[in-house]
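Asker: Pasting in a structure now, in structure tokens, and then I'll have a few things to ask.
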There are 2 protein chains.
Amino acid sequence: MDNNRMTKISIIGAGAWGTSLAQIYATSNHNVTLWTREASLCDQLNKTRVNETYLPNFKLDNKIHITNSLTETFDRSDIILNVIPAQFVRPITEQFKSHIKPHHHLIVCAKGIEISSGHLLTDVVKSILPDSSVGILTGPTFAHDLMAGKPSAATLAHSHETVLNHLSQSLTSKQFRLYTTHDIVGAQVGGAVKNVIAIACGIVDGLQLGESARAALVTRGLAEMARLAVALGGERDTLMGQCGVGDLMLTCSSIQSRNYSFGLRIGKGETAHDILKDRKAVTEGVTTAKALKTLSQTL
Amino acid sequence: MDNNRMTKISIIGAGAWGTSLAQIYATSNHNVTLWTREASLCDQLNKTRVNETYLPNFKLDNKIHITNSLTETFDRSDIILNVIPAQFVRPITEQFKSHIKPHHHLIVCAKGIEISSGHLLTDVVKSILPDSSVGILTGPTFAHDLMAGKPSAATLAHSHETVLNHLSQSLTSKQFRLYTTHDIVGAQVGGAVKNVIAIACGIVDGLQLGESARAALVTRGLAEMARLAVALGGERDTLMGQCGVGDLMLTCSSIQSRNYSFGLRIGKGETAHDILKDRKAVTEGVTTAKALKTLSQTL
């Protein structure tokens with residue numbers, strides 16, 4: 001259901017996912033600020049109202065306030081959606097640390113594990129902002145679908161039940177349904193590991209091993225994902241939701257997924273280096289695979 | 001791993017799935033008999049060694065013994081794979097009842113629920129053969145993939161652990177990996193309900209609601225599937241395996257699935273009647289949807 005109360009939401013990062021989140025919350029009549037680091041992109045977005053790089057066919061809602069000022073971004077918000085690639089979560093959080101106030105809720109929307117430490121992203125944020133409210137938004141959602149007004153769903157995770165309910169009421173809408181869990185570990189493991197499994201699925205398809213083999217691989221991948229979540233203190237059941245099964249379902253069979261299409265090209269014989277050098281957008285699964293290897297060796 | 005001990009396996013039903021099971025077990029050096037009801041099809045298969053209707057591009061292994069004699073079929077086997085459409089399980093079981101010996105293991109490979117009674121297929125078989133060993137083989141496997149020698153996996157379920165281990169050793173091969181469970185209820189609920197969810201997914205795609213919506217629907221479908229399994233005495237966890245998640249993954253995104261393609265045409269505006277009248281093969285999800293409605297009202 002659409003929420004009538006206007007919420008002040010700021011979005012850190014104007015990639016495809018950040019831009020589409022800005023769009024759905026603006027069209028749900030929330031007060032939305034979209035932050036981008038680059039002044040030139042900020043100017044271009046303000047001028048054209050089109051994110052030419054990631055979502056060239058969509059006009060941004062006029063109500064979205066676009067800025068590259070962190071002061072403005074944090075002053076204008078109660079909820080901050082942190083939508084930047086996983087490996088940038090630490091430096092960007094360091095950068096905005098001084099702007100955080102006690103009423104702010106930080107929601108990490110990146111999917112991945114910090115490669116240098118093997119840590120989950122909420123742990124990275126907590127190491128910089130130990131007293132802040134930190135949650136997770138993750139699920140099977142293509143930015144294009146959100147921009148086109150199509151329905152989708154995701155998992156919202158926060159360890160404090162009251163905060164979780166408050167955030168869920170603010171962030172769910174008719175178009176974008178959120179399922180809640182207190183298991184921030186499980187929710188993050190799902191979002192991170194599925195990118196690696198998506199690469200494996202692409203490889204299976206690149207090698208033409210068949211759809212049956214791909215389905216079997218996804219299922220065993222889910223089992224490994226659940227074991228990792230439990231080993232890290234999360235719950236197996238969380239992976240049955242949008243953040244696990246849902247995201248696997250979406251990512252592992254669609255050429256729209258950067259990770260799947262990366263694997264597809266690997267399976268057809270290209271090298272990782274050659275594929276990555278042509279790409280503007282980050283292929284999270286590549287770094288997550290390395291981070292997972294490090295992490296699994298510590299368990 | 002391939003099993004060196006030759007097992008005597010008979011397959012009841014020469015549709016796509018039955019034929020492909022005959023093929024993989026014959027190529028794994030088991031002693032395979034394939035039974036078909038129609039004398040004309042039996043003759044044609046013996047003459048051409050090609051299943052023109054369902055698998056026109058594949059030559060059957062010469063070692064497969066093809067017959068329409070039930071006496072021969074049961075005399076030649078220890079394990080019987082019952083690979084006929086769900087609604088025929090009762091009449092065919094009645095038909096072969098007198099041939100069953102104590103050493104026979106019956107494995108139901110159909111996916112569905114009996115529409116007249118709302119019963120699971122193992123319960124249908126047990127009502128006719130209360131003292132027989134009855135198991136389930138179900139999972140994400142397209143017949144074409146098996147015929148082409150591509151790798152795949154499935155769930156093998158039997159309530160008796162010793163029998164389950166014996167069957168698993170006999171029926172698993174390098175190409176076809178079986179994961180075992182004692183939960184015959186959960187395994188059947190997965191295989192039956194996924195066909196209905198596949199129709200819903202086809203409808204979503206026919207209406208162009210997007211891949212995100214389809215992934216969300218599959219995830220919620222899995223949650224409903226798990227609740228139904230638990231209500232019938234099965235286990236939630238079983239649905240995390242090949243018989244649940246795996247089969248959903250395969251069926252819900254592939255035009256090769258009869259159920260998905262049925263839904264796709266519904267979503268584009270055709271009527272169920274018009275779609276079904278052109279089809280030779282059974283679209284299990286259509287009858288299962290009705291059976292599930294009846295079943296859910298009794299719980």
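All residue names refer to the structure tokens as shown: chains lettered A, B, ... in order, residues numbered from 1 in each chain, ligands numbered from 1 in order.
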I'd like a table as a tab-separated table: residues in chain A with an atom no more than 7 Å from chain B, each row giving the shortest atom pair and its distance in Å to one decimal, only C-alpha atoms counted, sorted by chain and rising residue number.

Answerer:
```
residue	atom	partner	partner_atom	distance
A:Pro140	CA	B:Ser212	CA	5.7
A:Thr141	CA	B:Ser212	CA	4.9
A:Phe142	CA	B:Ser212	CA	6.0
A:Asp145	CA	B:Gly210	CA	6.1
A:Lys150	CA	B:Leu209	CA	5.7
A:Pro151	CA	B:Ala213	CA	5.5
A:Ser152	CA	B:Ala213	CA	4.7
A:Ala153	CA	B:Ala216	CA	5.6
A:Leu209	CA	B:Lys150	CA	5.7
A:Gly210	CA	B:Asp145	CA	6.0
A:Glu211	CA	B:Leu250	CA	6.6
A:Ser212	CA	B:Thr141	CA	4.9
A:Ala213	CA	B:Ser152	CA	4.7
A:Ala215	CA	B:Gly246	CA	5.1
A:Ala216	CA	B:Ala153	CA	5.6
A:Val218	CA	B:Gly246	CA	7.0
A:Thr219	CA	B:Gly246	CA	5.2
A:Gly241	CA	B:Thr219	CA	6.1
A:Gln242	CA	B:Thr219	CA	6.1
A:Val245	CA	B:Thr219	CA	6.2
A:Gly246	CA	B:Ala215	CA	5.1
A:Met249	CA	B:Ala215	CA	5.6
A:Leu250	CA	B:Ala215	CA	5.4
```

Asker: Please identify all polymer residues within 12 Å of A:Thr298, counting only C-alpha atoms, omitting same-chain residues fewer than 6 positions from it, and present them as a list in words.

Answerer: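 Everything that qualifies: Ser117, Gly118, His119, Leu228, Ala231, Leu232, Ala291 and Leu292 of chain A.
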
Asker: Could you please determine the separation between atom CA of A:His65 and atom CA of A:Ile79 in Å, to one decimal place?

Answerer: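 Between atom CA of A:His65 and atom CA of A:Ile79 the gap is 14.8 Å.
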
Asker: Got a sec: who's within 12 Å of A:Ala86, counting only C-alpha atoms, leaving out chain neighbours fewer than 2 positions off, as an MDAnalysis selection string?

Answerer: chainID A and resid 13 82:84 88:93 108:116 118:122 124:125 188 191:192 282:288 291

Asker: Write out the residues from the selection above, keeping C-alpha atoms, as an mmCIF file, in the first residue's frame.

Answerer:
```
data_model
loop_
_atom_site.group_PDB
_atom_site.id
_atom_site.type_symbol
_atom_site.label_atom_id
_atom_site.label_comp_id
_atom_site.auth_asym_id
_atom_site.auth_seq_id
_atom_site.Cartn_x
_atom_site.Cartn_y
_atom_site.Cartn_z
ATOM 1 C CA GLY A 13 24.796 7.266 -5.796
ATOM 2 C CA ASN A 82 23.459 3.974 0.239
ATOM 3 C CA VAL A 83 23.478 2.778 -3.390
ATOM 4 C CA ILE A 84 27.122 2.567 -4.372
ATOM 5 C CA PHE A 88 33.161 1.976 -2.281
ATOM 6 C CA VAL A 89 31.025 1.616 0.839
ATOM 7 C CA ARG A 90 33.984 2.196 3.171
ATOM 8 C CA PRO A 91 35.472 5.328 1.517
ATOM 9 C CA ILE A 92 32.072 6.938 0.893
ATOM 10 C CA THR A 93 30.916 6.221 4.453
ATOM 11 C CA VAL A 108 22.891 -0.245 2.485
ATOM 12 C CA CYS A 109 21.615 -1.155 -0.989
ATOM 13 C CA ALA A 110 24.914 -2.483 -2.342
ATOM 14 C CA LYS A 111 25.419 -6.214 -2.781
ATOM 15 C CA GLY A 112 28.808 -7.616 -1.952
ATOM 16 C CA ILE A 113 31.497 -8.256 0.606
ATOM 17 C CA GLU A 114 34.461 -5.976 1.269
ATOM 18 C CA ILE A 115 37.373 -7.598 -0.482
ATOM 19 C CA SER A 116 40.114 -6.195 1.773
ATOM 20 C CA GLY A 118 36.038 -10.119 3.982
ATOM 21 C CA HIS A 119 33.413 -8.179 5.978
ATOM 22 C CA LEU A 120 29.708 -7.753 5.296
ATOM 23 C CA LEU A 121 28.838 -4.205 4.291
ATOM 24 C CA THR A 122 26.795 -3.462 7.433
ATOM 25 C CA VAL A 124 31.942 -2.012 7.321
ATOM 26 C CA VAL A 125 29.472 0.817 8.037
ATOM 27 C CA GLN A 188 23.484 -9.693 2.786
ATOM 28 C CA GLY A 191 22.661 -10.485 -2.303
ATOM 29 C CA ALA A 192 26.418 -10.966 -2.409
ATOM 30 C CA VAL A 282 30.873 -2.673 -11.912
ATOM 31 C CA THR A 283 30.526 -6.467 -12.183
ATOM 32 C CA GLU A 284 30.113 -7.111 -8.453
ATOM 33 C CA GLY A 285 30.379 -10.910 -8.662
ATOM 34 C CA VAL A 286 33.998 -10.755 -9.830
ATOM 35 C CA THR A 287 35.220 -9.011 -6.693
ATOM 36 C CA THR A 288 32.731 -10.874 -4.486
ATOM 37 C CA ALA A 291 36.141 -11.793 -1.142
#
```

Asker: To one decimal place in Å, what is the distance between atom CA of B:Ser173 and atom CA of B:Asn29?

Answerer: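 Between atom CA of B:Ser173 and atom CA of B:Asn29 the gap is 10.3 Å.
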
Asker: From the DSSP assignment of the backbone, select every residue of stretch 70-276 of chain A that is strand (DSSP E or B), and format the answer as a list of chain:residue names.

Answerer: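 Strand (DSSP E or B) members of stretch 70-276 of chain A, listed: A:Ile79, A:Ile80, A:Leu81, A:Asn82, A:His105, A:Leu106, A:Ile107, A:Val108, A:Ile113, A:Leu120, A:Ser133, A:Val134, A:Gly135, A:Ile136, A:Leu137, A:Thr138, A:Ser152, A:Ala153, A:Ala154, A:Thr155, A:Leu156, A:Ala157, A:Phe176, A:Arg177, A:Leu178, A:Tyr179, A:Thr180, A:Thr181.
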
Asker: Near A:Asp183, within 9 Å and counting only C-alpha atoms, which residues show up once chain neighbours fewer than 2 positions away are dropped, as a ChimeraX atom specification?

Answerer: /A:157-159,180-181,185-188,233-235,238

Asker: Given the selection you just returned, output its residues as a file containing C-alpha atoms, formatted as a compact mmCIF listing (two decimals), in the first residue's frame.

Answerer:
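What follows is the written file part-v1.txt:
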```
# COMPACT_ATOMS: atom_id res chain seq x y z
CA ALA A 157 16.46 -6.10 6.86
CA HIS A 158 17.16 -4.36 10.17
CA SER A 159 18.07 -5.92 13.49
CA THR A 180 10.98 -7.68 6.24
CA THR A 181 13.49 -9.68 8.26
CA VAL A 185 23.44 -11.32 7.84
CA GLY A 186 21.31 -13.69 5.76
CA ALA A 187 19.97 -10.83 3.65
CA GLN A 188 23.48 -9.69 2.79
CA GLY A 233 25.34 -16.10 12.34
CA GLY A 234 22.42 -15.66 9.93
CA GLU A 235 19.44 -17.88 9.26
CA THR A 238 16.13 -15.86 5.10
```
